[in-house]
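File shown here: final37.cif, holding mmCIF, C-alpha atoms and all ligand atoms.
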```cif
data_run
loop_
_atom_site.label_atom_id
_atom_site.label_comp_id
_atom_site.auth_asym_id
_atom_site.auth_seq_id
_atom_site.Cartn_x
_atom_site.Cartn_y
_atom_site.Cartn_z
CA MET A 96 18.44 -11.90 -6.84
CA PHE A 97 16.46 -9.85 -4.41
CA LYS A 98 13.60 -9.05 -6.71
CA ASN A 99 10.13 -10.29 -5.89
CA ILE A 100 11.07 -10.97 -2.27
CA GLY A 101 7.40 -11.27 -1.38
CA GLY A 102 6.87 -14.08 -3.86
CA LYS A 103 10.00 -15.87 -2.67
CA ILE A 104 8.90 -15.69 0.97
CA LYS A 105 5.52 -17.09 -0.01
CA THR A 106 7.16 -19.97 -1.88
CA LEU A 107 9.47 -20.59 1.09
CA ALA A 108 6.48 -20.61 3.42
CA LYS A 109 4.80 -23.25 1.23
CA VAL A 110 7.96 -25.40 1.08
CA LEU A 111 8.52 -25.14 4.84
CA PHE A 112 4.86 -26.00 5.39
CA ILE A 113 5.15 -29.16 3.29
CA ILE A 114 8.44 -30.17 4.97
CA SER A 115 6.94 -29.51 8.38
CA VAL A 116 3.87 -31.62 7.58
CA ILE A 117 6.09 -34.48 6.36
CA VAL A 118 8.32 -34.30 9.45
CA PHE A 119 5.31 -34.29 11.74
CA ALA A 120 3.76 -37.19 9.80
CA LEU A 121 6.99 -39.23 10.06
CA SER A 122 7.23 -38.49 13.77
CA ALA A 123 3.61 -39.49 14.18
CA ALA A 124 4.30 -42.70 12.27
CA VAL A 125 7.25 -43.55 14.50
CA ALA A 126 5.18 -42.80 17.60
CA ALA A 127 2.31 -44.84 16.17
CA ILE A 128 4.52 -47.88 15.62
CA TYR A 129 5.87 -47.53 19.16
CA VAL A 130 2.41 -47.11 20.71
CA GLY A 131 1.05 -49.94 18.60
CA ARG A 132 3.78 -52.32 19.69
CA MET A 133 3.47 -51.28 23.33
CA THR A 134 -0.29 -51.79 23.18
CA ALA A 135 0.06 -55.18 21.59
CA TYR A 136 2.72 -56.10 24.13
CA SER A 137 0.83 -54.93 27.23
CA CYS A 138 -2.39 -56.57 26.03
CA GLY A 139 -0.49 -59.77 25.62
CA GLY A 140 1.01 -59.53 29.07
CA TYR A 141 4.08 -61.62 29.60
CA ALA A 142 3.23 -63.96 26.83
CA TYR A 143 3.84 -61.64 23.92
CA HIS A 144 3.05 -63.68 20.85
CA SER A 145 1.49 -60.94 18.80
CA SER A 146 -1.76 -62.88 18.70
CA SER A 147 -4.30 -61.59 16.21
CA ARG A 148 -6.37 -59.97 18.97
CA ASN A 149 -3.45 -58.10 20.44
CA GLY A 150 -2.24 -57.22 17.01
CA VAL A 151 -5.60 -55.61 16.14
CA ALA A 152 -5.58 -53.57 19.39
CA GLY A 153 -2.02 -52.48 18.68
CA PHE A 154 -2.91 -51.58 15.10
CA PHE A 155 -5.79 -49.31 16.15
CA ALA A 156 -3.78 -47.74 18.96
CA GLY A 157 -1.05 -47.00 16.46
CA LEU A 158 -3.52 -45.69 13.90
CA GLY A 159 -5.10 -43.38 16.48
CA THR A 160 -1.69 -42.09 17.51
CA PHE A 161 -0.77 -41.45 13.90
CA ILE A 162 -4.02 -39.59 13.10
CA VAL A 163 -3.80 -37.39 16.21
CA GLY A 164 -0.08 -36.74 15.80
CA ALA A 165 -0.23 -36.00 12.10
CA GLY A 166 -3.38 -33.91 12.56
CA VAL A 167 -1.84 -31.77 15.31
CA GLY A 168 1.36 -31.50 13.30
CA PHE A 169 -0.61 -30.36 10.26
CA LEU A 170 -2.40 -27.70 12.30
CA ILE A 171 0.85 -26.43 13.82
CA SER A 172 2.51 -26.31 10.39
CA TRP A 173 -0.50 -24.64 8.84
CA ILE A 174 -0.88 -21.95 11.49
CA GLY A 175 2.88 -21.41 11.63
CA SER A 176 2.97 -20.82 7.90
CA PHE A 177 0.38 -18.04 8.22
CA PHE A 178 2.91 -15.54 9.49
CA MET A 179 5.57 -16.22 6.92
CA TYR A 180 3.10 -16.42 4.08
CA GLY A 181 1.36 -13.29 5.33
CA LEU A 182 4.67 -11.43 5.44
CA GLY A 183 5.38 -12.50 1.87
CA GLN A 184 1.94 -11.39 0.79
CA LEU A 185 2.41 -8.05 2.52
CA ILE A 186 5.75 -7.41 0.81
CA GLU A 187 4.33 -8.50 -2.53
CA ASP A 188 1.36 -6.15 -2.18
CA THR A 189 3.68 -3.32 -1.19
CA GLU A 190 5.80 -3.93 -4.28
CA ILE A 191 2.69 -3.93 -6.47
CA ASN A 192 1.51 -0.73 -4.84
CA ARG A 193 4.84 0.94 -5.43
CA LYS A 194 4.82 -0.04 -9.12
CA THR A 195 1.24 1.10 -9.52
CA ASN A 196 1.99 4.40 -7.85
CA GLN A 197 4.98 4.97 -10.11
CA GLU A 198 2.86 4.23 -13.18
CA ILE A 199 0.17 6.60 -11.99
CA LEU A 200 2.78 9.26 -11.35
CA LYS A 201 4.25 8.80 -14.84
CA LYS A 202 0.81 9.07 -16.42
CA LEU A 203 0.04 12.15 -14.43
CA GLN A 204 3.34 13.76 -15.40
CA SER A 205 2.99 12.96 -19.11
CA ALA A 206 -0.64 13.97 -19.27
CA PRO A 207 -1.20 17.50 -20.55
CA GLU A 208 -1.72 19.88 -17.75
CA GLN A 209 -5.22 20.46 -16.76
CA PRO A 210 -6.22 23.82 -18.11
CA LYS A 211 -6.40 26.13 -15.23
CA ALA A 212 -9.75 27.39 -14.29
CA PRO A 213 -10.05 30.83 -15.79
CA GLU A 214 -9.25 33.36 -13.19
CA GLN A 215 -12.07 35.34 -11.90
CA PRO A 216 -11.97 38.53 -13.90
CA LYS A 217 -10.95 41.26 -11.63
CA ALA A 218 -13.52 43.85 -11.02
CA PRO A 219 -12.55 46.75 -13.24
CA GLU A 220 -10.90 49.35 -11.21
CA GLN A 221 -13.03 52.23 -10.43
CA PRO A 222 -11.86 54.90 -12.79
CA LYS A 223 -10.41 57.63 -10.73
CA ALA A 224 -12.24 60.79 -10.88
CA PRO A 225 -10.16 63.01 -13.15
CA GLU A 226 -8.40 65.46 -11.03
CA GLN A 227 -9.82 68.81 -11.31
CA PRO A 228 -7.13 70.85 -12.97
CA ALA A 229 -6.21 73.58 -10.67
CA GLY A 230 -6.95 76.44 -12.96
CA TRP A 231 -8.08 76.63 -16.56
CA VAL A 232 -6.71 75.21 -19.81
CA CYS A 233 -5.94 77.57 -22.59
CA ALA A 234 -8.09 76.73 -25.63
CA LYS A 235 -5.38 77.76 -28.00
CA CYS A 236 -2.15 76.32 -26.63
CA GLY A 237 -3.33 73.93 -23.92
CA THR A 238 -1.37 75.52 -21.13
CA VAL A 239 -2.87 75.18 -17.71
CA ASN A 240 -3.25 78.56 -16.15
CA THR A 241 -4.11 79.52 -12.60
CA ASP A 242 -7.61 80.59 -11.79
CA GLU A 243 -6.41 84.02 -10.78
CA SER A 244 -5.19 84.93 -14.25
CA ASN A 245 -7.63 85.83 -16.96
CA PHE A 246 -5.11 85.51 -19.76
CA CYS A 247 -2.98 82.55 -20.72
CA TYR A 248 0.46 83.20 -19.43
CA ASN A 249 1.94 81.36 -22.38
CA CYS A 250 0.19 82.88 -25.33
CA GLY A 251 -1.93 85.65 -23.86
CA THR A 252 -5.24 84.26 -25.07
CA ARG A 253 -8.17 85.36 -23.00
CA LYS A 254 -9.81 82.94 -20.66
ZN ZN B 1 -2.36 79.92 -24.40
#
```
Just give me the structure as structure tokens.
Amino acid sequence: MFKNIGGKIKTLAKVLFIISVIVFALSAAVAAIYVGRMTAYSCGGYAYHSSSRNGVAGFFAGLGTFIVGAGVGFLISWIGSFFMYGLGQLIEDTEINRKTNQEILKKLQSAPEQPKAPEQPKAPEQPKAPEQPAGWVCAKCGTVNTDESNFCYNCGTRK
């Protein structure tokens, strides 16, 4: 019921425009008949016989009134419909944008993830300088002995 509000407002604007033009045209016609009769009457003075001459003057006065009245009415209806139609268009565009955005989002979500740019390889860590063993390593058993001793304190092998 409330879907496509933008389109409905646009349709309503068109309908109101047409009704407005018709109402203005009818009003103009009524005014034209009145002006025409008055013109014919005043041209004829007291002796209103609707002579052909007065009738022609009245006809053109009425026609002029109708054209001006209907023309102005058309302009007012037309310009007045801008706002309503524009509002409808705006809502419609917004609805289209929302749908498009949702579709784009769906596509983006279903699309396989972009492979990440390979990380910059880290600069290899500077190998730490092997700590100087405090002392000497026994060739036979591998025990680290202090520099002071000349024999391995584990197996007695000479330095
Ligand atoms: Zn040893």
One-decimal distance in Å that lies between CA of Thr238 (chain A) and CA of Pro222 (chain A):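 We find that CA of Pro222 (chain A) and CA of Thr238 (chain A) lie 24.6 Å from each other.
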Atom-to-atom span, CA of Asn99 (chain A) and CA of Glu187 (chain A), Å: 6.9 Å
Would you tabulate, counting only C-alpha atoms and all ligand atoms, all residues of chain A that have an atom at most 12 Å from an atom of ligand ZN 1 (chain B), showing the closest pair of atoms and their distance in Å to one decimal, sorted by chain then ascending number, as JSON lines?
```
{"residue": "A:Trp231", "atom": "CA", "partner": "B:ZN1", "partner_atom": "ZN", "distance": 10.2}
{"residue": "A:Val232", "atom": "CA", "partner": "B:ZN1", "partner_atom": "ZN", "distance": 7.9}
{"residue": "A:Cys233", "atom": "CA", "partner": "B:ZN1", "partner_atom": "ZN", "distance": 4.6}
{"residue": "A:Ala234", "atom": "CA", "partner": "B:ZN1", "partner_atom": "ZN", "distance": 6.7}
{"residue": "A:Lys235", "atom": "CA", "partner": "B:ZN1", "partner_atom": "ZN", "distance": 5.2}
{"residue": "A:Cys236", "atom": "CA", "partner": "B:ZN1", "partner_atom": "ZN", "distance": 4.2}
{"residue": "A:Gly237", "atom": "CA", "partner": "B:ZN1", "partner_atom": "ZN", "distance": 6.1}
{"residue": "A:Thr238", "atom": "CA", "partner": "B:ZN1", "partner_atom": "ZN", "distance": 5.6}
{"residue": "A:Val239", "atom": "CA", "partner": "B:ZN1", "partner_atom": "ZN", "distance": 8.2}
{"residue": "A:Asn240", "atom": "CA", "partner": "B:ZN1", "partner_atom": "ZN", "distance": 8.4}
{"residue": "A:Thr241", "atom": "CA", "partner": "B:ZN1", "partner_atom": "ZN", "distance": 11.9}
{"residue": "A:Ser244", "atom": "CA", "partner": "B:ZN1", "partner_atom": "ZN", "distance": 11.7}
{"residue": "A:Asn245", "atom": "CA", "partner": "B:ZN1", "partner_atom": "ZN", "distance": 10.9}
{"residue": "A:Phe246", "atom": "CA", "partner": "B:ZN1", "partner_atom": "ZN", "distance": 7.8}
{"residue": "A:Cys247", "atom": "CA", "partner": "B:ZN1", "partner_atom": "ZN", "distance": 4.6}
{"residue": "A:Tyr248", "atom": "CA", "partner": "B:ZN1", "partner_atom": "ZN", "distance": 6.6}
{"residue": "A:Asn249", "atom": "CA", "partner": "B:ZN1", "partner_atom": "ZN", "distance": 5.0}
{"residue": "A:Cys250", "atom": "CA", "partner": "B:ZN1", "partner_atom": "ZN", "distance": 4.0}
{"residue": "A:Gly251", "atom": "CA", "partner": "B:ZN1", "partner_atom": "ZN", "distance": 5.8}
{"residue": "A:Thr252", "atom": "CA", "partner": "B:ZN1", "partner_atom": "ZN", "distance": 5.3}
{"residue": "A:Arg253", "atom": "CA", "partner": "B:ZN1", "partner_atom": "ZN", "distance": 8.1}
{"residue": "A:Lys254", "atom": "CA", "partner": "B:ZN1", "partner_atom": "ZN", "distance": 8.9}
```
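In this structure, CA of Gln215 (chain A) sits 26.3 Å away from CA of Leu203 (chain A).
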Which of A:Gln204, A:Ser172, A:Thr189, A:Thr134 sits closest to Phe155 (chain A) [using all atoms listed in the file]: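 For Phe155 (chain A), the nearest of the given residues is A:Thr134.
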